[in-house]
Structure formats: structure tokens, C-alpha cells
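Text of entry-v4.cif, listed as mmCIF, C-alpha atoms:
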data_target
loop_
_atom_site.group_PDB
_atom_site.id
_atom_site.type_symbol
_atom_site.label_atom_id
_atom_site.label_comp_id
_atom_site.auth_asym_id
_atom_site.auth_seq_id
_atom_site.Cartn_x
_atom_site.Cartn_y
_atom_site.Cartn_z
ATOM 1 C CA MET A 273 125.502 48.698 188.064
ATOM 2 C CA PHE A 274 126.447 48.059 184.429
ATOM 3 C CA GLY A 275 122.916 48.840 183.323
ATOM 4 C CA ARG A 276 123.139 52.284 184.849
ATOM 5 C CA LEU A 277 126.583 52.831 183.316
ATOM 6 C CA ASN A 278 125.302 51.748 179.894
ATOM 7 C CA LYS A 279 122.325 54.094 180.244
ATOM 8 C CA ASN A 280 124.621 57.023 181.076
ATOM 9 C CA LEU A 281 126.957 56.142 178.210
ATOM 10 C CA ASP A 282 124.006 56.002 175.810
ATOM 11 C CA ARG A 283 122.847 59.430 176.978
ATOM 12 C CA LEU A 284 126.367 60.834 176.560
ATOM 13 C CA ASN A 285 126.671 59.262 173.098
ATOM 14 C CA HIS A 286 123.297 60.717 172.057
ATOM 15 C CA PHE A 287 124.319 64.165 173.333
ATOM 16 C CA LEU A 288 127.633 64.068 171.445
ATOM 17 C CA GLU A 289 125.897 62.976 168.244
ATOM 18 C CA GLU A 290 123.384 65.829 168.548
ATOM 19 C CA LYS A 291 126.107 68.438 168.936
ATOM 20 C CA ASN A 292 128.335 67.011 166.151
ATOM 21 C CA ILE A 293 131.203 66.728 168.600
ATOM 22 C CA GLU A 294 132.735 63.899 166.571
ATOM 23 C CA GLU A 295 133.195 66.151 163.535
ATOM 24 C CA LEU A 296 134.546 68.953 165.712
ATOM 25 C CA ILE A 297 137.104 66.642 167.287
ATOM 26 C CA TYR A 298 138.149 65.425 163.831
ATOM 27 C CA ILE A 299 138.595 68.981 162.580
ATOM 28 C CA LEU A 300 140.525 70.096 165.649
ATOM 29 C CA GLY A 301 142.716 67.013 165.522
ATOM 30 C CA SER A 302 143.723 67.392 161.882
ATOM 31 C CA ARG A 303 145.998 70.311 161.035
ATOM 32 C CA LYS A 304 145.514 69.699 157.330
ATOM 33 C CA GLU A 305 141.750 69.979 157.764
ATOM 34 C CA ILE A 306 142.119 73.222 159.732
ATOM 35 C CA ALA A 307 144.449 74.695 157.102
ATOM 36 C CA LYS A 308 142.129 73.638 154.278
ATOM 37 C CA ARG A 309 139.025 75.160 155.900
ATOM 38 C CA ASN A 310 140.847 78.383 156.816
ATOM 39 C CA PHE A 311 142.222 78.707 153.276
ATOM 40 C CA TRP A 312 138.793 78.369 151.672
ATOM 41 C CA ALA A 313 137.204 80.668 154.253
ATOM 42 C CA GLY A 314 139.837 83.353 153.643
ATOM 43 C CA LEU A 315 139.553 83.019 149.887
ATOM 44 C CA SER A 316 135.760 83.313 150.060
ATOM 45 C CA ARG A 317 135.937 86.373 152.293
ATOM 46 C CA GLY A 318 138.493 88.048 150.038
ATOM 47 C CA VAL A 319 136.447 87.499 146.898
ATOM 48 C CA GLY A 320 133.260 88.617 148.651
ATOM 49 C CA ILE A 321 134.849 91.798 149.977
ATOM 50 C CA GLY A 322 136.333 92.586 146.558
ATOM 51 C CA ILE A 323 133.019 92.156 144.783
ATOM 52 C CA GLY A 324 131.115 94.055 147.474
ATOM 53 C CA VAL A 325 133.459 97.052 147.504
ATOM 54 C CA THR A 326 133.419 97.201 143.708
ATOM 55 C CA LEU A 327 129.623 97.195 143.557
ATOM 56 C CA ILE A 328 129.201 99.760 146.318
ATOM 57 C CA THR A 329 131.796 102.059 144.751
ATOM 58 C CA ALA A 330 130.136 101.784 141.337
ATOM 59 C CA ILE A 331 126.733 102.593 142.834
ATOM 60 C CA LEU A 332 128.140 105.591 144.718
ATOM 61 C CA VAL A 333 129.823 106.947 141.581
ATOM 62 C CA MET A 334 126.561 106.576 139.646
ATOM 63 C CA ILE A 335 124.655 108.416 142.378
ATOM 64 C CA LEU A 336 127.271 111.187 142.445
ATOM 65 C CA GLN A 337 127.040 111.530 138.653
ATOM 66 C CA LYS A 338 123.255 111.934 138.949
ATOM 67 C CA ILE A 339 123.726 114.632 141.587
ATOM 68 C CA VAL A 340 126.146 116.480 139.297
ATOM 69 C CA THR A 341 123.508 116.556 136.536
ATOM 70 C CA LEU A 342 121.161 118.393 138.916
ATOM 71 C CA ASN A 343 123.545 121.397 138.702
ATOM 72 C CA LEU A 344 123.556 122.177 142.413
ATOM 73 C CA PRO A 345 125.883 125.194 142.814
ATOM 74 C CA VAL A 346 128.456 124.201 145.451
ATOM 75 C CA ILE A 347 127.820 120.491 145.852
ATOM 76 C CA GLY A 348 127.747 119.832 142.105
ATOM 77 C CA GLU A 349 131.235 121.247 141.524
ATOM 78 C CA PHE A 350 132.671 119.356 144.471
ATOM 79 C CA ILE A 351 131.134 116.048 143.384
ATOM 80 C CA ALA A 352 132.187 116.641 139.768
ATOM 81 C CA GLU A 353 135.793 116.888 140.963
ATOM 82 C CA ILE A 354 135.447 113.651 142.936
ATOM 83 C CA VAL A 355 133.938 111.807 139.978
ATOM 84 C CA GLU A 356 136.690 113.157 137.705
ATOM 85 C CA ILE A 357 139.394 111.943 140.097
ATOM 86 C CA VAL A 358 137.798 108.494 140.329
ATOM 87 C CA GLU A 359 137.459 108.196 136.555
ATOM 88 C CA LYS A 360 141.131 109.191 136.027
ATOM 89 C CA ASN A 361 142.336 106.500 138.429
ATOM 90 C CA VAL A 362 140.240 103.714 136.931
#

For this file, write the structure as C-alpha cells.
Amino acid sequence: MFGRLNKNLDRLNHFLEEKNIEELIYILGSRKEIAKRNFWAGLSRGVGIGIGVTLITAILVMILQKIVTLNLPVIGEFIAEIVEIVEKNV
């Protein structure tokens, strides 16, 4: 009877080790650990979004400036106004 129980407990222990349940339980049990991980995750996301938006905006402005130099009649004037507005606010 105890042999079978030990075998089942060993299987359960192996399963929990595979799935890193011990670390998950530690994280969920510690409010400080949750707060620390959420703080760093939020900070990382904020910095990443800031850098990403800046790069994408810079690339779009460069592309719009190139389009303006092509002297397209209607589109060129419209884009020139947009670029001018962006440059004034920077």
C-alpha cells in the first residue's frame, strides 16, 4: 500500500517539478514578489512603447519628407503641411 502511495507521490512530485509549480506558488504567495515583477514589467513595457513610437514616428516623417520632394500636386502640399506641423511641435 505504501509502495503504491510513494510511487504516486513521486509521479506527482516529478510533474510539479516539470511545470515549475513550486516557483509559481512562491510568486503567488509573495505580494512583494508580485509587486516587484509587475513594476519591472510595466517599466519595460513603457520604455519599449516610448522607443517604438518614437522610431515609427521618425520613420514616417522621413518618408513624408521624401514624398514632398517628389512635388506631387495635391498630396505634396498636404504632406508638407503635416510635416511643418510636426516640426513646429517638436

Which residues, written as a VMD selection string, have at least one atom at most 12 Å from Leu296 of chain A, with only C-alpha atoms counted and residues fewer than 6 positions away on the same chain left out? chain A and resid 288 to 290 302 305 to 306

Work out how far apart atom CA of Leu344 of chain A and atom CA of Leu327 of chain A are and give it in Å to one decimal. 25.7 Å

Using all atoms listed in the file, which protein or nucleic acid residues come within 10 Å of Ile347 of chain A? Drop anything in the same chain fewer than 6 positions from it, and give the result as number ranges by chain. A: 336, 339-340

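As for atom CA of Glu294 of chain A and atom CA of Arg317 of chain A, they are spaced 26.8 Å apart.
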